[in-house]
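Quick notes on the structure that follows.
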Amino acid sequence: MTSRYRIIDISRELFSAPVYLGDTPPSLHREFERSEAGGFLTQYLSCCLHAGTHMDTPLHLNESGADAANIDLSPFIGSCTVTDNPMTKAERLLLKDCRLTPAEAKALSCKLVGTNLLSLAKLDLDSEAEIHKSLFDRGIAILENLDLDKVPFGDYVLIALPLKIATAEASPVRAILLKRED
């Protein structure tokens with residue numbers, strides 16, 4: 001008997017995704033039109049690395065932290081739980097409409113924590129820095145700005161790989177959940 005999986009895209013579309021206060025919205029620029037390049041269209045993307053669905057790396061807060069090209073990829077693939085309870089025990093925890101307090105961040109013992117919000121913390125730099133540092137110091141990976149609106153609470157398999165960008169403190173990801181359909 002072969003198991004089948006339903007693929008649920010939990011990435012936000014880049015140009016319609018909410019943007020962190022003060023960040024420049026992403027844009028796409030046409031460099032060459034088809035008529036100028038033998039029928040090929042060539043475009044350039046300009047965006048903050050924290051635009052849309054993305055992961056943060058330890059370099060975001062620590063000068064000697066890992067960048068997006070050198071981060072351990074294992075936290076970004078595997079079993080996960082979608083919930084609104086940050087104290088749920090899970091290998092990977094995706095929080096729906098829920099922000100972490102510093103105490104909750106310190107109590108987490110998962111490999112990865114993600115949110116459908118712009119940040120895991122309240123949108124003030126002090127609490128964001130404290131929560132991110134607490135997670136990074138314990139090797140917990142961070143995903144932000146996921147699209148969990150239509151995802152029921154429950155257990156899934158997560159795949160959310162960052163782009164391999166040297167010296168980058170964050171990276172866009174295409175995040176999906178797999179749900180077993182027997």
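The way I read the labels, and the way they are meant: chains A, B, ... in the order of the structure tokens, residue 1 as the first residue of every chain, and ligand 1 as the first ligand shown, with later ones counted on from there.
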
Residue set, segment 50-179 of chain A restricted to helix (DSSP H, G or I), as a VMD selection string: chain A and resid 58 to 60 74 to 76 102 to 107 125 to 137

Selection from above, N, CA and C atoms, as a PDB file, in the first residue's frame, can you write it?
ATOM      1  N   PRO A  58      21.231  33.050  12.269  1.00  0.00           N
ATOM      2  CA  PRO A  58      21.913  33.650  13.423  1.00  0.00           C
ATOM      3  C   PRO A  58      22.701  34.916  13.065  1.00  0.00           C
ATOM      4  N   LEU A  59      23.138  35.055  11.819  1.00  0.00           N
ATOM      5  CA  LEU A  59      23.852  36.255  11.382  1.00  0.00           C
ATOM      6  C   LEU A  59      22.980  37.512  11.538  1.00  0.00           C
ATOM      7  N   HIS A  60      21.694  37.337  11.582  1.00  0.00           N
ATOM      8  CA  HIS A  60      20.748  38.450  11.753  1.00  0.00           C
ATOM      9  C   HIS A  60      21.057  39.234  13.037  1.00  0.00           C
ATOM     10  N   SER A  74      18.721  20.753   8.195  1.00  0.00           N
ATOM     11  CA  SER A  74      17.870  19.700   8.771  1.00  0.00           C
ATOM     12  C   SER A  74      16.641  20.223   9.516  1.00  0.00           C
ATOM     13  N   PRO A  75      16.678  21.385  10.193  1.00  0.00           N
ATOM     14  CA  PRO A  75      15.456  21.841  10.850  1.00  0.00           C
ATOM     15  C   PRO A  75      14.324  22.199   9.876  1.00  0.00           C
ATOM     16  N   PHE A  76      14.645  22.427   8.616  1.00  0.00           N
ATOM     17  CA  PHE A  76      13.675  22.912   7.649  1.00  0.00           C
ATOM     18  C   PHE A  76      12.943  21.801   6.901  1.00  0.00           C
ATOM     19  N   PRO A 102       9.150  36.360  25.739  1.00  0.00           N
ATOM     20  CA  PRO A 102      10.513  35.898  26.006  1.00  0.00           C
ATOM     21  C   PRO A 102      10.557  34.606  26.829  1.00  0.00           C
ATOM     22  N   ALA A 103       9.664  34.470  27.804  1.00  0.00           N
ATOM     23  CA  ALA A 103       9.635  33.257  28.634  1.00  0.00           C
ATOM     24  C   ALA A 103       9.255  32.037  27.802  1.00  0.00           C
ATOM     25  N   GLU A 104       8.268  32.182  26.907  1.00  0.00           N
ATOM     26  CA  GLU A 104       7.877  31.060  26.045  1.00  0.00           C
ATOM     27  C   GLU A 104       9.020  30.677  25.104  1.00  0.00           C
ATOM     28  N   ALA A 105       9.713  31.675  24.555  1.00  0.00           N
ATOM     29  CA  ALA A 105      10.848  31.397  23.667  1.00  0.00           C
ATOM     30  C   ALA A 105      11.923  30.602  24.399  1.00  0.00           C
ATOM     31  N   LYS A 106      12.190  30.964  25.655  1.00  0.00           N
ATOM     32  CA  LYS A 106      13.216  30.262  26.443  1.00  0.00           C
ATOM     33  C   LYS A 106      12.790  28.838  26.783  1.00  0.00           C
ATOM     34  N   ALA A 107      11.489  28.585  26.848  1.00  0.00           N
ATOM     35  CA  ALA A 107      10.985  27.264  27.222  1.00  0.00           C
ATOM     36  C   ALA A 107      10.901  26.296  26.031  1.00  0.00           C
ATOM     37  N   LEU A 125      11.751  46.305  18.693  1.00  0.00           N
ATOM     38  CA  LEU A 125      13.091  45.742  18.497  1.00  0.00           C
ATOM     39  C   LEU A 125      13.651  45.042  19.719  1.00  0.00           C
ATOM     40  N   ASP A 126      13.326  45.520  20.921  1.00  0.00           N
ATOM     41  CA  ASP A 126      13.868  44.885  22.123  1.00  0.00           C
ATOM     42  C   ASP A 126      13.353  43.458  22.292  1.00  0.00           C
ATOM     43  N   SER A 127      12.029  43.272  22.228  1.00  0.00           N
ATOM     44  CA  SER A 127      11.506  41.914  22.421  1.00  0.00           C
ATOM     45  C   SER A 127      11.857  41.024  21.233  1.00  0.00           C
ATOM     46  N   GLU A 128      11.898  41.573  20.020  1.00  0.00           N
ATOM     47  CA  GLU A 128      12.297  40.761  18.866  1.00  0.00           C
ATOM     48  C   GLU A 128      13.728  40.269  19.019  1.00  0.00           C
ATOM     49  N   ALA A 129      14.628  41.159  19.410  1.00  0.00           N
ATOM     50  CA  ALA A 129      16.033  40.769  19.577  1.00  0.00           C
ATOM     51  C   ALA A 129      16.173  39.715  20.674  1.00  0.00           C
ATOM     52  N   GLU A 130      15.480  39.902  21.799  1.00  0.00           N
ATOM     53  CA  GLU A 130      15.578  38.950  22.909  1.00  0.00           C
ATOM     54  C   GLU A 130      15.075  37.567  22.490  1.00  0.00           C
ATOM     55  N   ILE A 131      13.936  37.529  21.814  1.00  0.00           N
ATOM     56  CA  ILE A 131      13.346  36.251  21.409  1.00  0.00           C
ATOM     57  C   ILE A 131      14.193  35.579  20.332  1.00  0.00           C
ATOM     58  N   HIS A 132      14.617  36.324  19.312  1.00  0.00           N
ATOM     59  CA  HIS A 132      15.460  35.747  18.265  1.00  0.00           C
ATOM     60  C   HIS A 132      16.765  35.219  18.861  1.00  0.00           C
ATOM     61  N   LYS A 133      17.393  35.999  19.722  1.00  0.00           N
ATOM     62  CA  LYS A 133      18.663  35.578  20.325  1.00  0.00           C
ATOM     63  C   LYS A 133      18.473  34.307  21.151  1.00  0.00           C
ATOM     64  N   SER A 134      17.407  34.254  21.938  1.00  0.00           N
ATOM     65  CA  SER A 134      17.130  33.073  22.748  1.00  0.00           C
ATOM     66  C   SER A 134      16.994  31.827  21.870  1.00  0.00           C
ATOM     67  N   LEU A 135      16.304  31.956  20.754  1.00  0.00           N
ATOM     68  CA  LEU A 135      16.116  30.817  19.849  1.00  0.00           C
ATOM     69  C   LEU A 135      17.417  30.453  19.143  1.00  0.00           C
ATOM     70  N   PHE A 136      18.103  31.447  18.587  1.00  0.00           N
ATOM     71  CA  PHE A 136      19.371  31.183  17.882  1.00  0.00           C
ATOM     72  C   PHE A 136      20.414  30.559  18.806  1.00  0.00           C
ATOM     73  N   ASP A 137      20.496  31.047  20.042  1.00  0.00           N
ATOM     74  CA  ASP A 137      21.488  30.528  20.987  1.00  0.00           C
ATOM     75  C   ASP A 137      21.301  29.034  21.258  1.00  0.00           C
TER      76      ASP A 137
END

Exercise: Gly22 of chain A partners within 12 Å, only C-alpha atoms, chain neighbours under 3 positions left out, as a ChimeraX atom specification: /A:18-19,25,48,50-51,123

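Residues of segment 57-125 of chain A assigned to strand (DSSP E) by DSSP on this structure's backbone: A:Ile77, A:Gly78, A:Ser79, A:Cys80, A:Thr81, A:Val82, A:Thr83, A:Arg92, A:Leu93, A:Leu94, A:Leu95, A:Leu112, A:Val113, A:Gly114, A:Thr115.
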
Shell of 9 Å around segment 157-168 of chain A, only C-alpha atoms, local chain residues under 3 positions omitted, as an NGL selection string: :A and (11 or 49 or 54-55 or 57 or 59-60 or 66-71 or 73 or 76-81 or 92 or 143 or 171-180)

Pick from A:Asp182, A:Asp97, A:Leu21, A:Leu108 nearest to Asp124 of chain A, counting only C-alpha atoms: A:Leu21

Per residue of segment 65-153 of chain A within 12 Å of segment 4-9 of chain A, note the shortest atom pair and the distance in Å to one decimal, counting only C-alpha atoms, and order the rows by chain and increasing residue number, as a tab-separated table.
residue	atom	partner	partner_atom	distance
A:Leu146	CA	A:Asp9	CA	9.4
A:Asp147	CA	A:Asp9	CA	7.9
A:Leu148	CA	A:Asp9	CA	9.0
A:Asp149	CA	A:Asp9	CA	11.1
A:Lys150	CA	A:Ile8	CA	9.4
A:Val151	CA	A:Ile8	CA	8.0
A:Pro152	CA	A:Ile8	CA	10.9

Atoms to include: all heavy atoms. Write the selected residues as a PDB file, in the first residue's frame.
ATOM      1  N   LEU A 146       4.557  33.005   7.264  1.00  0.00           N
ATOM      2  CA  LEU A 146       3.954  31.851   6.597  1.00  0.00           C
ATOM      3  C   LEU A 146       2.479  32.135   6.315  1.00  0.00           C
ATOM      4  O   LEU A 146       1.860  32.963   6.984  1.00  0.00           O
ATOM      5  CB  LEU A 146       4.048  30.614   7.501  1.00  0.00           C
ATOM      6  CG  LEU A 146       5.447  30.133   7.835  1.00  0.00           C
ATOM      7  CD1 LEU A 146       5.421  29.210   9.040  1.00  0.00           C
ATOM      8  CD2 LEU A 146       6.074  29.453   6.636  1.00  0.00           C
ATOM      9  N   ASP A 147       1.905  31.435   5.364  1.00  0.00           N
ATOM     10  CA  ASP A 147       0.469  31.550   5.087  1.00  0.00           C
ATOM     11  C   ASP A 147      -0.227  30.314   5.662  1.00  0.00           C
ATOM     12  O   ASP A 147      -0.286  29.269   5.021  1.00  0.00           O
ATOM     13  CB  ASP A 147       0.228  31.653   3.588  1.00  0.00           C
ATOM     14  CG  ASP A 147      -1.241  31.858   3.256  1.00  0.00           C
ATOM     15  OD1 ASP A 147      -2.078  31.918   4.180  1.00  0.00           O
ATOM     16  OD2 ASP A 147      -1.566  31.957   2.063  1.00  0.00           O
ATOM     17  N   LEU A 148      -0.712  30.456   6.889  1.00  0.00           N
ATOM     18  CA  LEU A 148      -1.382  29.339   7.571  1.00  0.00           C
ATOM     19  C   LEU A 148      -2.887  29.548   7.675  1.00  0.00           C
ATOM     20  O   LEU A 148      -3.576  28.788   8.357  1.00  0.00           O
ATOM     21  CB  LEU A 148      -0.792  29.167   8.984  1.00  0.00           C
ATOM     22  CG  LEU A 148       0.701  28.846   9.050  1.00  0.00           C
ATOM     23  CD1 LEU A 148       1.181  28.852  10.504  1.00  0.00           C
ATOM     24  CD2 LEU A 148       0.999  27.521   8.388  1.00  0.00           C
ATOM     25  N   ASP A 149      -3.416  30.552   6.990  1.00  0.00           N
ATOM     26  CA  ASP A 149      -4.828  30.918   7.127  1.00  0.00           C
ATOM     27  C   ASP A 149      -5.792  29.756   6.901  1.00  0.00           C
ATOM     28  O   ASP A 149      -6.776  29.619   7.613  1.00  0.00           O
ATOM     29  CB  ASP A 149      -5.185  32.063   6.178  1.00  0.00           C
ATOM     30  CG  ASP A 149      -4.494  33.360   6.563  1.00  0.00           C
ATOM     31  OD1 ASP A 149      -3.993  33.460   7.710  1.00  0.00           O
ATOM     32  OD2 ASP A 149      -4.443  34.274   5.717  1.00  0.00           O
ATOM     33  N   LYS A 150      -5.518  28.913   5.919  1.00  0.00           N
ATOM     34  CA  LYS A 150      -6.438  27.818   5.576  1.00  0.00           C
ATOM     35  C   LYS A 150      -5.929  26.458   6.025  1.00  0.00           C
ATOM     36  O   LYS A 150      -6.439  25.431   5.594  1.00  0.00           O
ATOM     37  CB  LYS A 150      -6.701  27.823   4.076  1.00  0.00           C
ATOM     38  CG  LYS A 150      -7.397  29.095   3.614  1.00  0.00           C
ATOM     39  CD  LYS A 150      -7.584  29.109   2.131  1.00  0.00           C
ATOM     40  CE  LYS A 150      -8.229  30.432   1.718  1.00  0.00           C
ATOM     41  NZ  LYS A 150      -8.233  30.622   0.280  1.00  0.00           N
ATOM     42  N   VAL A 151      -4.931  26.459   6.898  1.00  0.00           N
ATOM     43  CA  VAL A 151      -4.336  25.195   7.350  1.00  0.00           C
ATOM     44  C   VAL A 151      -4.937  24.811   8.709  1.00  0.00           C
ATOM     45  O   VAL A 151      -4.777  25.550   9.679  1.00  0.00           O
ATOM     46  CB  VAL A 151      -2.797  25.314   7.471  1.00  0.00           C
ATOM     47  CG1 VAL A 151      -2.205  24.012   7.983  1.00  0.00           C
ATOM     48  CG2 VAL A 151      -2.187  25.712   6.138  1.00  0.00           C
ATOM     49  N   PRO A 152      -5.611  23.674   8.795  1.00  0.00           N
ATOM     50  CA  PRO A 152      -6.144  23.229  10.090  1.00  0.00           C
ATOM     51  C   PRO A 152      -5.017  22.858  11.053  1.00  0.00           C
ATOM     52  O   PRO A 152      -3.932  22.453  10.619  1.00  0.00           O
ATOM     53  CB  PRO A 152      -6.969  21.982   9.744  1.00  0.00           C
ATOM     54  CG  PRO A 152      -7.142  21.991   8.267  1.00  0.00           C
ATOM     55  CD  PRO A 152      -5.993  22.774   7.703  1.00  0.00           C
TER      56      PRO A 152
END

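Here atom CA of Ala141 of chain A and atom CA of Val113 of chain A stand 6.3 Å from one another.
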
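Distance-wise, atom CA of Pro86 of chain A and atom CA of Glu169 of chain A end up 24.7 Å apart.
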
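Using only C-alpha atoms, the smallest distance between any of A:Asn62, A:Thr88, A:Ser3, A:Thr42 and Ser109 of chain A comes from A:Thr88.
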